[in-house]
>>> print(open('structure-v9.txt').read())   # compact mmCIF, C-alpha atoms and all ligand atoms
# COMPACT_ATOMS: atom_id res chain seq x y z
CA MET X 20 0.00 0.00 0.00
CA ASP X 21 1.30 3.46 -0.87
CA GLN X 22 1.49 6.06 1.82
CA VAL X 23 -2.02 7.37 2.45
CA THR X 24 -3.11 10.71 3.77
CA THR X 25 -3.68 10.61 7.50
CA THR X 26 -6.55 13.08 7.33
CA LEU X 27 -8.88 10.07 6.86
CA PRO X 28 -11.07 9.27 9.88
CA VAL X 29 -9.06 6.81 11.98
CA GLU X 30 -11.44 3.87 11.56
CA THR X 31 -11.71 4.35 7.80
CA TYR X 32 -7.94 4.41 7.60
CA LEU X 33 -7.58 1.27 9.77
CA ARG X 34 -10.20 -0.53 7.69
CA ARG X 35 -8.22 0.28 4.59
CA VAL X 36 -5.02 -1.09 6.14
CA HIS X 37 -6.93 -4.19 7.28
CA ARG X 38 -8.26 -4.77 3.78
CA THR X 39 -4.81 -4.33 2.27
CA PHE X 40 -3.21 -7.02 4.40
CA SER X 41 -6.08 -9.49 4.79
CA GLY X 42 -4.85 -11.24 1.62
CA LEU X 43 -1.42 -11.79 3.16
CA LYS X 44 -1.26 -15.51 3.98
CA ASP X 45 2.47 -16.01 4.53
CA GLY X 46 3.78 -17.74 7.63
CA ALA X 47 2.37 -20.50 9.80
CA VAL X 48 0.65 -20.78 13.17
CA ALA X 49 2.81 -21.84 16.13
CA ASP X 50 2.81 -25.61 16.39
CA TYR X 51 4.81 -26.44 19.53
CA ILE X 52 1.62 -27.29 21.44
CA PRO X 53 -1.60 -28.82 20.05
CA PRO X 54 -4.01 -26.01 21.02
CA LEU X 55 -1.92 -23.45 19.13
CA ALA X 56 -1.33 -25.77 16.17
CA ALA X 57 -5.11 -26.15 15.90
CA ALA X 58 -5.73 -22.37 15.93
CA ASP X 59 -7.67 -20.85 13.06
CA PRO X 60 -4.98 -18.96 11.06
CA GLU X 61 -7.41 -16.45 9.55
CA PRO X 62 -8.58 -14.03 12.29
CA PHE X 63 -7.15 -10.57 11.82
CA GLY X 64 -7.75 -7.61 14.12
CA ILE X 65 -6.27 -4.16 14.45
CA CYS X 66 -7.03 -1.93 17.43
CA VAL X 67 -5.78 1.50 18.44
CA VAL X 68 -6.46 3.02 21.86
CA THR X 69 -5.40 6.58 22.71
CA VAL X 70 -4.26 7.77 26.13
CA ASP X 71 -7.48 9.80 26.38
CA GLY X 72 -9.56 6.68 25.90
CA GLN X 73 -10.63 6.66 22.23
CA VAL X 74 -10.91 3.09 20.92
CA TYR X 75 -10.69 2.25 17.21
CA ALA X 76 -11.18 -1.44 16.49
CA VAL X 77 -11.42 -3.16 13.11
CA GLY X 78 -11.61 -6.81 12.01
CA ASP X 79 -11.45 -9.58 14.60
CA SER X 80 -10.56 -7.33 17.51
CA ASP X 81 -12.68 -9.32 19.96
CA ALA X 82 -11.47 -12.83 19.04
CA PRO X 83 -9.78 -14.58 21.99
CA PHE X 84 -6.22 -15.96 21.86
CA THR X 85 -3.40 -16.44 24.34
CA ILE X 86 -1.18 -13.53 25.25
CA GLN X 87 2.00 -15.67 25.32
CA SER X 88 5.17 -13.58 25.39
CA ILE X 89 3.29 -10.29 25.42
CA SER X 90 2.87 -11.10 29.13
CA LYS X 91 6.63 -10.54 29.57
CA PRO X 92 6.77 -6.73 29.82
CA PHE X 93 3.85 -6.82 32.27
CA THR X 94 5.45 -9.55 34.38
CA TYR X 95 8.62 -7.46 34.44
CA ALA X 96 6.58 -4.41 35.50
CA LEU X 97 5.05 -6.30 38.42
CA ALA X 98 8.44 -7.68 39.51
CA LEU X 99 9.80 -4.10 39.43
CA ALA X 100 6.84 -2.85 41.46
CA ASP X 101 7.24 -5.65 44.01
CA ARG X 102 11.03 -5.71 44.38
CA GLY X 103 12.28 -2.33 43.20
CA LEU X 104 14.68 -1.57 40.38
CA PRO X 105 17.99 -2.34 42.14
CA GLU X 106 17.03 -5.91 43.06
CA VAL X 107 15.50 -6.64 39.66
CA ARG X 108 18.52 -5.19 37.84
CA ARG X 109 20.81 -7.30 39.99
CA ARG X 110 18.99 -10.44 38.85
CA ILE X 111 17.97 -9.67 35.24
CA GLY X 112 20.03 -7.82 32.61
CA VAL X 113 18.79 -5.34 30.01
CA GLU X 114 20.95 -6.19 26.99
CA PRO X 115 19.54 -7.63 23.76
CA SER X 116 20.55 -11.27 23.63
CA GLY X 117 21.00 -11.94 19.94
CA ASP X 118 19.91 -15.50 20.80
CA ALA X 119 16.57 -17.22 20.34
CA PHE X 120 13.90 -16.33 22.93
CA ASN X 121 14.18 -19.76 24.53
CA SER X 122 17.97 -19.97 24.63
CA ILE X 123 19.60 -21.49 27.66
CA SER X 124 22.18 -18.80 28.30
CA LEU X 125 23.25 -16.17 30.84
CA ASP X 126 25.31 -12.97 30.65
CA SER X 127 28.83 -12.62 32.04
CA ALA X 128 27.37 -11.67 35.44
CA GLY X 129 25.37 -14.94 35.47
CA ARG X 130 21.99 -13.25 34.88
CA PRO X 131 19.40 -13.78 32.16
CA ARG X 132 20.28 -11.23 29.46
CA ASN X 133 16.94 -9.40 29.49
CA PRO X 134 13.33 -9.81 30.69
CA MET X 135 11.86 -10.32 27.20
CA ILE X 136 13.44 -13.73 26.66
CA ASN X 137 12.15 -16.77 28.50
CA ALA X 138 15.03 -16.88 31.00
CA GLY X 139 14.44 -13.27 32.04
CA ALA X 140 10.69 -13.68 32.14
CA ILE X 141 10.93 -16.80 34.32
CA ALA X 142 13.31 -14.92 36.67
CA ALA X 143 10.84 -11.99 36.75
CA ALA X 144 7.96 -14.41 37.44
CA GLY X 145 9.93 -15.67 40.42
CA LEU X 146 10.09 -12.12 41.82
CA VAL X 147 6.33 -11.55 41.81
CA ASP X 148 4.82 -11.47 45.30
CA GLY X 149 1.82 -13.58 46.26
CA GLY X 150 -0.10 -10.68 47.83
CA GLU X 151 -3.13 -11.44 49.97
CA SER X 152 -3.92 -14.76 48.30
CA GLY X 153 -0.32 -15.90 48.62
CA ASP X 154 -0.47 -16.99 44.98
CA PRO X 155 1.84 -15.01 42.66
CA ALA X 156 0.25 -16.54 39.55
CA GLU X 157 -3.18 -15.35 40.58
CA ARG X 158 -1.80 -11.94 41.43
CA LEU X 159 -0.06 -11.64 38.06
CA VAL X 160 -3.25 -12.61 36.19
CA GLU X 161 -5.12 -9.99 38.26
CA SER X 162 -2.48 -7.41 37.42
CA LEU X 163 -2.78 -8.19 33.68
CA GLY X 164 -6.49 -7.49 34.11
CA VAL X 165 -5.76 -4.03 35.54
CA TRP X 166 -3.66 -3.26 32.44
CA ALA X 167 -6.48 -4.54 30.20
CA GLY X 168 -9.32 -2.93 32.15
CA ARG X 169 -11.23 -6.16 32.71
CA ARG X 170 -10.77 -9.43 34.54
CA LEU X 171 -8.77 -11.91 32.44
CA GLU X 172 -8.76 -15.70 32.65
CA VAL X 173 -6.19 -18.42 32.00
CA ASP X 174 -6.89 -20.72 29.03
CA GLU X 175 -6.56 -23.99 30.96
CA GLU X 176 -6.01 -26.13 27.88
CA VAL X 177 -3.07 -23.99 26.74
CA PHE X 178 -1.73 -23.85 30.29
CA ALA X 179 -1.82 -27.66 30.61
CA ALA X 180 -0.03 -28.04 27.27
CA GLU X 181 2.63 -25.46 28.20
CA GLN X 182 3.20 -27.29 31.49
CA GLU X 183 3.38 -30.66 29.84
CA THR X 184 5.76 -29.75 27.03
CA GLY X 185 7.81 -27.03 28.75
CA HIS X 186 10.97 -29.05 29.32
CA ARG X 187 13.22 -26.37 27.94
CA ASN X 188 11.62 -23.73 30.16
CA ARG X 189 11.99 -26.10 33.09
CA ALA X 190 15.68 -26.49 32.28
CA ILE X 191 15.97 -22.69 32.23
CA GLY X 192 14.14 -22.44 35.57
CA HIS X 193 16.47 -24.89 37.26
CA MET X 194 19.52 -23.19 35.74
CA LEU X 195 18.28 -19.89 37.19
CA ARG X 196 17.89 -21.51 40.59
CA ALA X 197 21.42 -22.91 40.36
CA VAL X 198 22.97 -19.48 39.64
CA GLY X 199 20.84 -17.63 42.20
CA SER X 200 18.59 -15.69 39.80
CA LEU X 201 15.68 -17.53 41.36
CA ASP X 202 15.11 -18.26 45.04
CA GLY X 203 13.02 -21.16 46.24
CA ASP X 204 11.36 -23.80 44.09
CA PRO X 205 11.84 -23.11 40.36
CA GLU X 206 8.56 -24.94 39.68
CA ARG X 207 6.74 -22.10 41.42
CA ALA X 208 8.23 -19.48 39.09
CA LEU X 209 7.54 -21.75 36.11
CA ASP X 210 3.91 -22.08 37.15
CA VAL X 211 3.62 -18.27 37.23
CA TYR X 212 5.35 -18.02 33.82
CA PHE X 213 3.23 -20.72 32.14
CA ARG X 214 0.02 -19.23 33.53
CA ALA X 215 0.94 -15.73 32.41
CA CYS X 216 1.64 -16.99 28.86
CA SER X 217 -1.74 -18.78 28.85
CA VAL X 218 -3.89 -15.77 29.72
CA GLU X 219 -6.66 -15.28 27.18
CA VAL X 220 -6.90 -11.81 25.65
CA THR X 221 -8.34 -10.06 22.62
CA CYS X 222 -6.70 -7.60 20.28
CA ARG X 223 -8.77 -4.89 21.98
CA ASP X 224 -7.42 -5.93 25.41
CA LEU X 225 -3.86 -5.76 24.13
CA ALA X 226 -4.40 -2.29 22.66
CA VAL X 227 -5.73 -1.08 26.04
CA MET X 228 -2.69 -2.64 27.74
CA ALA X 229 -0.39 -0.88 25.26
CA ALA X 230 -2.27 2.39 25.78
CA THR X 231 -1.82 1.97 29.54
CA LEU X 232 1.93 1.78 28.94
CA ALA X 233 1.64 4.84 26.68
CA GLY X 234 -0.16 6.62 29.53
CA ARG X 235 2.66 5.82 31.95
CA GLY X 236 0.72 3.15 33.79
CA LEU X 237 -2.72 4.77 33.89
CA ASN X 238 -5.45 2.74 32.17
CA PRO X 239 -7.23 5.18 29.83
CA LEU X 240 -10.59 3.40 30.09
CA THR X 241 -10.83 2.67 33.81
CA GLY X 242 -8.48 5.30 35.26
CA ALA X 243 -6.85 2.54 37.35
CA ARG X 244 -3.10 2.63 37.89
CA ALA X 245 -1.44 -0.60 36.73
CA VAL X 246 2.11 0.28 37.74
CA PRO X 247 3.93 3.25 39.29
CA ASP X 248 4.78 5.89 36.68
CA ALA X 249 8.51 5.74 37.43
CA LEU X 250 8.79 2.09 36.30
CA VAL X 251 7.29 2.56 32.84
CA THR X 252 10.51 3.94 31.33
CA GLN X 253 12.33 0.76 32.35
CA VAL X 254 9.65 -1.45 30.77
CA LEU X 255 9.42 0.53 27.52
CA SER X 256 13.21 0.63 27.21
CA VAL X 257 13.60 -3.15 27.28
CA MET X 258 10.66 -3.51 24.89
CA THR X 259 12.50 -1.17 22.52
CA THR X 260 15.76 -3.11 22.53
CA CYS X 261 14.49 -6.67 23.08
CA GLY X 262 10.76 -6.87 22.34
CA MET X 263 10.70 -8.39 18.87
CA TYR X 264 12.91 -11.45 19.30
CA ASP X 265 15.73 -11.61 16.79
CA ALA X 266 14.05 -8.97 14.64
CA ALA X 267 14.33 -6.20 17.27
CA GLY X 268 16.92 -4.25 15.25
CA GLU X 269 14.96 -4.52 12.01
CA TRP X 270 11.82 -3.47 13.89
CA LEU X 271 13.48 -0.40 15.41
CA VAL X 272 14.76 0.71 12.00
CA ASN X 273 11.44 0.14 10.21
CA VAL X 274 8.82 0.83 12.86
CA GLY X 275 10.71 2.59 15.61
CA ILE X 276 8.51 2.19 18.69
CA PRO X 277 8.63 -0.06 21.77
CA ALA X 278 6.83 -3.31 21.00
CA LYS X 279 6.29 -6.93 22.04
CA SER X 280 5.01 -9.92 20.17
CA GLY X 281 3.79 -13.36 21.20
CA VAL X 282 3.49 -16.70 19.44
CA GLY X 283 -0.31 -16.57 19.85
CA GLY X 284 -0.23 -14.02 17.01
CA GLY X 285 -0.49 -10.77 18.96
CA VAL X 286 1.80 -7.76 18.60
CA ILE X 287 1.62 -4.55 20.65
CA GLY X 288 3.29 -1.23 19.97
CA VAL X 289 3.43 1.82 22.23
CA MET X 290 3.67 5.48 21.24
CA PRO X 291 4.55 6.99 24.63
CA GLY X 292 2.20 9.78 25.66
CA GLN X 293 -0.08 9.10 22.69
CA LEU X 294 -1.50 5.66 22.03
CA GLY X 295 -1.26 1.90 22.07
CA VAL X 296 -1.70 -0.32 19.02
CA ALA X 297 -2.37 -4.06 18.84
CA VAL X 298 -2.61 -6.40 15.90
CA PHE X 299 -3.75 -10.01 16.05
CA SER X 300 -3.11 -12.53 13.28
CA PRO X 301 -1.80 -16.01 14.14
CA ARG X 302 0.47 -16.79 11.16
CA LEU X 303 4.08 -16.23 12.26
CA ASP X 304 7.30 -15.55 10.39
CA ALA X 305 10.55 -17.46 10.93
CA VAL X 306 11.48 -15.57 14.12
CA GLY X 307 8.01 -15.96 15.65
CA ASN X 308 6.41 -12.58 14.90
CA SER X 309 2.93 -12.29 13.35
CA VAL X 310 3.41 -11.74 9.60
CA ARG X 311 0.40 -9.47 9.22
CA GLY X 312 1.25 -7.82 12.54
CA VAL X 313 4.68 -6.80 11.28
CA ALA X 314 3.22 -5.70 7.92
CA VAL X 315 0.54 -3.55 9.57
CA PHE X 316 3.02 -1.87 11.92
CA ASN X 317 5.35 -1.13 9.01
CA GLN X 318 2.45 0.49 7.19
CA LEU X 319 1.33 2.50 10.23
CA ALA X 320 4.90 3.64 10.79
CA ARG X 321 5.06 5.01 7.24
CA ASP X 322 1.63 6.63 7.29
CA LEU X 323 1.56 7.96 10.82
CA ARG X 324 5.29 8.54 11.33
CA LEU X 325 5.41 6.38 14.43
CA HIS X 326 9.19 6.46 14.64
CA PHE X 327 10.27 8.15 17.85
CA VAL X 328 13.86 8.82 16.72
O1 LIG M 1 7.80 -20.27 26.64
C1 LIG M 1 7.17 -20.69 25.70
O2 LIG M 1 7.50 -21.65 25.05
C2 LIG M 1 6.00 -19.95 25.20
N1 LIG M 1 4.89 -19.97 26.07
C3 LIG M 1 6.53 -18.60 24.86
C4 LIG M 1 5.58 -17.76 24.26
C5 LIG M 1 6.10 -16.85 23.23
O3 LIG M 1 5.32 -16.07 22.75
C6 LIG M 1 7.50 -17.00 22.73
N2 LIG M 1 8.14 -15.83 22.90
N3 LIG M 1 9.08 -15.32 23.09
>>> encode(input="structure-v9.txt", output="structure tokens", more="lines below")
Ligand code: DON
Amino acid sequence: MDQVTTTLPVETYLRRVHRTFSGLKDGAVADYIPPLAAADPEPFGICVVTVDGQVYAVGDSDAPFTIQSISKPFTYALALADRGLPEVRRRIGVEPSGDAFNSISLDSAGRPRNPMINAGAIAAAGLVDGGESGDPAERLVESLGVWAGRRLEVDEEVFAAEQETGHRNRAIGHMLRAVGSLDGDPERALDVYFRACSVEVTCRDLAVMAATLAGRGLNPLTGARAVPDALVTQVLSVMTTCGMYDAAGEWLVNVGIPAKSGVGGGVIGVMPGQLGVAVFSPRLDAVGNSVRGVAVFNQLARDLRLHFV
């Protein structure tokens, strides 16, 4: 699609972008667990939510899917809120890894390289407090709901499959315990991590979550605070350098905003102070990013000059 004028009403513009990329059928749905392998590859939603609470949703913006790795920035945010920056920085690095998201590796200080890869997310999950219920998984799911502006639930079928097949994640969890990045039983942190990945969301939910990041932790629809303002910079910074797996550099050059993707087919992008964007389409490229998601963000970046540098 050529660059279009941005004087179009937002929904008309988004519908046009949706139409342009609905014929894009490249990529394949994630197949590492049966419930994802069986997912319908066709749904396609785009949703934009502004920090003053305008919602623009087109396509399949209300279709449910699992949040997967898009839970990582929000897990990191809760770990930061619970433990403070110094402790979290001591245990989890902030450098892009250059390795696959599930790599079994640590930095020279013996920490997971960043919170957007599995090792860092499992370490962050281990830092989440249990709160009143004493259950950190429940508290993290509740916290995701504050970001989204509604109560969210775990997809139990996906959770069971993640648990059953997550040997590599389990290896990472035990490695983290061995080097002191995790205290206590690694299975507890893994339970929190697997549950967080299995939370069911819609494209609309993700756009509200992204807009809450754009609004420095204030949900634009409910007015609830999801995280202290001061921690948002830390979260958005690691999303900028590490959010798009091995394509983070390419993403920064082409799209230029903090983002995170998940193997369920979701992608979020944040324009700080302005808006959050989410795209949902389950077919993934070779690095695990939604093909249509990447295409839509590239288009939006050209048309709306998303680039923050
Ligand atoms: O840890 C796993 O295998 C998946 N639940 C990870 C989800 C995901 O989106 C991969 N991302 N980095």
>>> closest_residue(input="structure-v9.txt", among="X:Pro54, X:Gly185, X:Gly292, X:Pro277", to="ligand LIG 1 (chain M)", atoms="all atoms listed in the file")
X:Gly185
>>> axis_aligned_box(input="structure-v9.txt", around="ligand LIG 1 (chain M)", padding_each_side="6 Å", output="JSON")
{"center_x": 7.0, "center_y": -18.5, "center_z": 24.7, "size_x": 16.2, "size_y": 18.3, "size_z": 15.9}
>>> residues_near_ligand(input="structure-v9.txt", ligand="ligand LIG 1 (chain M)", cutoff="7 Å", atoms="all atoms listed in the file", output="count of residues only")
17
>>> closest_residue(input="structure-v9.txt", among="X:Leu209, X:Ile191, X:Ala179, X:Leu250", to="Asp101 of chain X", atoms="all atoms listed in the file")
X:Leu250
>>> residues_around(input="structure-v9.txt", residues="Ala314 of chain X", least_positions_apart="3", cutoff="12 Å", atoms="all atoms listed in the file", output="MDAnalysis selection string")
chainID X and resid 20 36:37 39:45 65 270 273:274 286 298:300 302:304 308:311 317:321
>>> atom_distance(input="structure-v9.txt", atom1="atom CA of Pro131 of chain X", atom2="atom CA of Ala230 of chain X")
27.8 Å
>>> residues_around(input="structure-v9.txt", residues="Ala243 of chain X", least_positions_apart="3", cutoff="9 Å", atoms="only C-alpha atoms", output="PyMOL selection string")
chain X and resi 165-166+168+236-240
>>> residues_around(input="structure-v9.txt", residues="Pro105 of chain X", least_positions_apart="6", cutoff="12 Å", atoms="all atoms listed in the file", output="list in words")
Ala98, Leu99, Ile111, Gly112, Leu250 and Gln253 of chain X
>>> closest_residue(input="structure-v9.txt", among="X:Phe327, X:Phe84, X:Phe93, X:Tyr75", to="Glu30 of chain X", atoms="all atoms listed in the file")
X:Tyr75
>>> residues_around(input="structure-v9.txt", residues="Asp224 of chain X", least_positions_apart="4", cutoff="10 Å", atoms="only C-alpha atoms", output="CSV table (one decimal) with C-alpha atoms, in the coordinates of the input")
chain,number,residue,atom,x,y,z
X,66,CYS,CA,-7.0,-1.9,17.4
X,68,VAL,CA,-6.5,3.0,21.9
X,80,SER,CA,-10.6,-7.3,17.5
X,81,ASP,CA,-12.7,-9.3,20.0
X,83,PRO,CA,-9.8,-14.6,22.0
X,86,ILE,CA,-1.2,-13.5,25.2
X,163,LEU,CA,-2.8,-8.2,33.7
X,164,GLY,CA,-6.5,-7.5,34.1
X,166,TRP,CA,-3.7,-3.3,32.4
X,167,ALA,CA,-6.5,-4.5,30.2
X,168,GLY,CA,-9.3,-2.9,32.2
X,169,ARG,CA,-11.2,-6.2,32.7
X,171,LEU,CA,-8.8,-11.9,32.4
X,219,GLU,CA,-6.7,-15.3,27.2
X,220,VAL,CA,-6.9,-11.8,25.6
X,228,MET,CA,-2.7,-2.6,27.7
X,229,ALA,CA,-0.4,-0.9,25.3
X,230,ALA,CA,-2.3,2.4,25.8
X,297,ALA,CA,-2.4,-4.1,18.8
>>> closest_residue(input="structure-v9.txt", among="X:Asp248, X:Asp118, X:Glu106, X:Glu183", to="Tyr51 of chain X", atoms="only C-alpha atoms")
X:Glu183
>>> residues_around(input="structure-v9.txt", residues="Gly150 of chain X", least_positions_apart="4", cutoff="10 Å", atoms="all atoms listed in the file", output="list in words")
Asp101, Asp154, Pro155, Glu157, Arg158 and Leu159 of chain X
>>> closest_residue(input="structure-v9.txt", among="X:Val251, X:Leu146, X:Ala119, X:Ala226", to="Thr69 of chain X", atoms="all atoms listed in the file")
X:Ala226
>>> closest_residue(input="structure-v9.txt", among="X:Gly46, X:Pro92, X:Gly117, X:Gly312", to="Phe63 of chain X", atoms="all atoms listed in the file")
X:Gly312
>>> atom_distance(input="structure-v9.txt", atom1="atom CA of Met258 of chain X", atom2="atom CA of Val272 of chain X")
14.2 Å
>>> build_atoms(input="structure-v9.txt", residues="segment 224-238 of chain X", atoms="N, CA and C atoms", output="short mmCIF file (atom, residue, chain, number, x, y, z; two decimals), in the coordinates of the input")
data_model
loop_
_atom_site.label_atom_id
_atom_site.label_comp_id
_atom_site.auth_asym_id
_atom_site.auth_seq_id
_atom_site.Cartn_x
_atom_site.Cartn_y
_atom_site.Cartn_z
N ASP X 224 -8.09 -5.93 24.11
CA ASP X 224 -7.42 -5.93 25.41
C ASP X 224 -5.97 -5.48 25.28
N LEU X 225 -5.28 -6.06 24.28
CA LEU X 225 -3.86 -5.76 24.13
C LEU X 225 -3.64 -4.28 23.80
N ALA X 226 -4.55 -3.71 23.00
CA ALA X 226 -4.40 -2.29 22.66
C ALA X 226 -4.60 -1.42 23.91
N VAL X 227 -5.53 -1.83 24.78
CA VAL X 227 -5.73 -1.08 26.04
C VAL X 227 -4.47 -1.23 26.91
N MET X 228 -3.91 -2.42 26.96
CA MET X 228 -2.69 -2.64 27.74
C MET X 228 -1.55 -1.77 27.21
N ALA X 229 -1.44 -1.71 25.89
CA ALA X 229 -0.39 -0.88 25.26
C ALA X 229 -0.65 0.59 25.55
N ALA X 230 -1.93 0.99 25.51
CA ALA X 230 -2.27 2.39 25.78
C ALA X 230 -1.99 2.74 27.25
N THR X 231 -2.12 1.75 28.13
CA THR X 231 -1.82 1.97 29.54
C THR X 231 -0.31 2.20 29.72
N LEU X 232 0.49 1.49 28.94
CA LEU X 232 1.93 1.78 28.94
C LEU X 232 2.18 3.17 28.38
N ALA X 233 1.47 3.50 27.29
CA ALA X 233 1.64 4.84 26.68
C ALA X 233 1.26 5.93 27.67
N GLY X 234 0.30 5.65 28.52
CA GLY X 234 -0.16 6.62 29.53
C GLY X 234 0.59 6.50 30.85
N ARG X 235 1.78 5.94 30.79
CA ARG X 235 2.66 5.82 31.95
C ARG X 235 2.01 5.08 33.13
N GLY X 236 1.24 4.04 32.77
CA GLY X 236 0.72 3.15 33.79
C GLY X 236 -0.72 3.41 34.17
N LEU X 237 -1.32 4.44 33.56
CA LEU X 237 -2.72 4.77 33.89
C LEU X 237 -3.62 4.21 32.80
N ASN X 238 -4.55 3.32 33.17
CA ASN X 238 -5.45 2.74 32.17
C ASN X 238 -6.40 3.83 31.66
#
